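Undergrad: Submitted below is the structure of interest, expressed as structure tokens.
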Amino acid sequence: AQKVTQAQTEISVVEKEDVTLDCVYETRDTTYYLFWYKQPPSGELVFLIRRNSFDEQNEISGRYSWNFQKSTSSFNFTITASQVVDSAVYFCALSEARGNTPLVFGKGTRLSVIA
Amino acid sequence: GAGVSQSPSNKVTEKGKDVELRCDPISGHTALYWYRQRLGQGLEFLIYFQGNSAPDKSGLPSDRFSAERTGGSVSTLTIQRTQQEDSAVYLCASSLDGLNTEAFFGQGTRLTVV
């Protein structure tokens, strides 16, 4: 069965520090998709990135970067030079390509960036 | 519509009453998900609709919970005989073709059972 583990429940950093949010997944499929979502205090989930299992190239988008490593079943998310506005709960999610299986989320990591 | 719409945004109900929560997905999206998020917790999968396939109900916590999706569009999540532990934000999401595309979330319905 598919599973997503975000071992870090809460992280607190000082503004301008770099921070990495960990995500480890389990799946029996060879084809699957990984996602990161942000949930700011307002509550609405915001899509950040989608990555398929055949594309291990790391991705950078501004201050955000993602490190996908199939060998360790991890899809970690790094925020460089963190800002107060980055404070939110971040969720990692997985969907399998076979059949009709739902999008499964980790329990989330609450990031607090302190000015 | 422009996004996923959920109604009501807030619902306070008395223990034992039935409630219906509505979700209007993005037009043309074939996949629809319901999740529950208790205060300070992660997203708990409830049910998933994909096209004309039988829904995946594996996440429904009890037989008091049910959901339907009419005409492949609007979905209603019904909770019968509500209990205090049902208090949570109920989130609906839709995606274009199911598993592999971005899921867009609604603002959620905050349910409080008193």
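Going by the structure tokens order, chains are called A, B, ..., each with residues numbered from 1, while ligands are numbered from 1 in the order shown.
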Identify every residue of chain B that has at least one atom within 9 Å of any atom of chain A, counting only C-alpha atoms, and report the result as a ChimeraX atom specification.
TA: /B:33,41-45,47-50,53,55-56,98-108
Undergrad: Can you pull out the residues contacting stretch 75-81 of chain B? Cut-off 8 Å, using only C-alpha atoms, and skip same-chain residues under 3 positions away; I want them as number ranges by chain.
TA: B: 15-24, 64-70
Undergrad: Could you find all residues in chain B that DSSP calls helix (DSSP H, G or I) from the backbone, and write them as number ranges by chain?
TA: B: 70-72, 84-86
Undergrad: Identify, with DSSP run on backbone atoms, the residues in chain B assigned to strand (DSSP E), and express the list as a ChimeraX atom specification.
TA: /B:5-7,10-13,19-24,31-37,44-50,65-69,75-79,88-95,104-105,109-113
Undergrad: Please identify all polymer residues within 9 Å of B:Ser73, counting only C-alpha atoms, omitting same-chain residues fewer than 6 positions from it, and present them as a PyMOL selection string.
TA: chain B and resi 23-30+32
Undergrad: Mind writing the picked residues with N, CA, C and O atoms as a PDB file, in the first residue's frame?
TA:
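Result written to part12.pdb:
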ATOM      1  N   CYS B  23     -19.773  19.965  -2.573  1.00  0.00           N
ATOM      2  CA  CYS B  23     -18.551  20.311  -3.296  1.00  0.00           C
ATOM      3  C   CYS B  23     -18.860  20.465  -4.780  1.00  0.00           C
ATOM      4  O   CYS B  23     -19.398  19.534  -5.409  1.00  0.00           O
ATOM      5  N   ASP B  24     -18.507  21.620  -5.332  1.00  0.00           N
ATOM      6  CA  ASP B  24     -18.604  21.861  -6.767  1.00  0.00           C
ATOM      7  C   ASP B  24     -17.196  21.835  -7.341  1.00  0.00           C
ATOM      8  O   ASP B  24     -16.435  22.778  -7.106  1.00  0.00           O
ATOM      9  N   PRO B  25     -16.841  20.806  -8.072  1.00  0.00           N
ATOM     10  CA  PRO B  25     -15.465  20.732  -8.587  1.00  0.00           C
ATOM     11  C   PRO B  25     -15.279  21.668  -9.777  1.00  0.00           C
ATOM     12  O   PRO B  25     -16.240  22.271 -10.264  1.00  0.00           O
ATOM     13  N   ILE B  26     -14.071  21.773 -10.217  1.00  0.00           N
ATOM     14  CA  ILE B  26     -13.777  22.540 -11.415  1.00  0.00           C
ATOM     15  C   ILE B  26     -14.399  21.828 -12.609  1.00  0.00           C
ATOM     16  O   ILE B  26     -14.307  20.598 -12.735  1.00  0.00           O
ATOM     17  N   SER B  27     -15.054  22.594 -13.451  1.00  0.00           N
ATOM     18  CA  SER B  27     -15.741  22.024 -14.603  1.00  0.00           C
ATOM     19  C   SER B  27     -14.781  21.200 -15.463  1.00  0.00           C
ATOM     20  O   SER B  27     -13.680  21.659 -15.798  1.00  0.00           O
ATOM     21  N   GLY B  28     -15.199  19.984 -15.789  1.00  0.00           N
ATOM     22  CA  GLY B  28     -14.383  19.123 -16.643  1.00  0.00           C
ATOM     23  C   GLY B  28     -13.452  18.198 -15.891  1.00  0.00           C
ATOM     24  O   GLY B  28     -12.860  17.289 -16.486  1.00  0.00           O
ATOM     25  N   HIS B  29     -13.315  18.409 -14.607  1.00  0.00           N
ATOM     26  CA  HIS B  29     -12.450  17.528 -13.817  1.00  0.00           C
ATOM     27  C   HIS B  29     -13.185  16.222 -13.536  1.00  0.00           C
ATOM     28  O   HIS B  29     -14.310  16.217 -13.040  1.00  0.00           O
ATOM     29  N   THR B  30     -12.514  15.112 -13.838  1.00  0.00           N
ATOM     30  CA  THR B  30     -13.169  13.816 -13.675  1.00  0.00           C
ATOM     31  C   THR B  30     -12.949  13.216 -12.288  1.00  0.00           C
ATOM     32  O   THR B  30     -13.684  12.345 -11.876  1.00  0.00           O
ATOM     33  N   LEU B  32     -12.547  13.496  -8.120  1.00  0.00           N
ATOM     34  CA  LEU B  32     -12.973  14.297  -6.971  1.00  0.00           C
ATOM     35  C   LEU B  32     -12.624  13.537  -5.702  1.00  0.00           C
ATOM     36  O   LEU B  32     -12.860  12.334  -5.591  1.00  0.00           O
TER      37      LEU B  32
END
Undergrad: Set the distance at 9 Å and use only C-alpha atoms: which residues neighbour A:Ala115 once local chain neighbours fewer than 4 positions away are removed? I'd like the list as a PyMOL selection string.
TA: chain A and resi 13-16+83-84
Undergrad: Can you pull out every residue within 10 Å of A:Ile79, counting only C-alpha atoms, but drop anything in the same chain fewer than 3 positions away, and send it as a ChimeraX atom specification?
TA: /A:16-21,60-66,82-83,86
Undergrad: Go ahead and write the residues just picked, C-alpha atoms, as a PDB file, in the first residue's frame.
TA:
ATOM      1  CA  LYS A  16      17.169  33.840   5.975  1.00  0.00           C
ATOM      2  CA  GLU A  17      18.159  30.371   7.120  1.00  0.00           C
ATOM      3  CA  ASP A  18      17.842  27.457   4.723  1.00  0.00           C
ATOM      4  CA  VAL A  19      15.517  24.649   5.714  1.00  0.00           C
ATOM      5  CA  THR A  20      14.860  21.176   4.316  1.00  0.00           C
ATOM      6  CA  LEU A  21      11.592  19.329   4.763  1.00  0.00           C
ATOM      7  CA  ILE A  60      14.609  24.637  -8.613  1.00  0.00           C
ATOM      8  CA  SER A  61      11.986  27.334  -8.592  1.00  0.00           C
ATOM      9  CA  GLY A  62      13.193  30.546  -7.089  1.00  0.00           C
ATOM     10  CA  ARG A  63      13.996  29.881  -3.443  1.00  0.00           C
ATOM     11  CA  TYR A  64      12.411  26.436  -3.609  1.00  0.00           C
ATOM     12  CA  SER A  65      14.194  23.291  -4.670  1.00  0.00           C
ATOM     13  CA  TRP A  66      13.317  19.616  -4.620  1.00  0.00           C
ATOM     14  CA  SER A  82      13.548  31.459   4.307  1.00  0.00           C
ATOM     15  CA  GLN A  83      11.080  34.275   4.841  1.00  0.00           C
ATOM     16  CA  ASP A  86       7.056  30.742   4.177  1.00  0.00           C
TER      17      ASP A  86
END
Undergrad: So the first atom is atom CA of A:Pro41 and the second is atom CA of A:Lys3; what is the distance between them in Å, to one decimal place?
TA: 25.5 Å
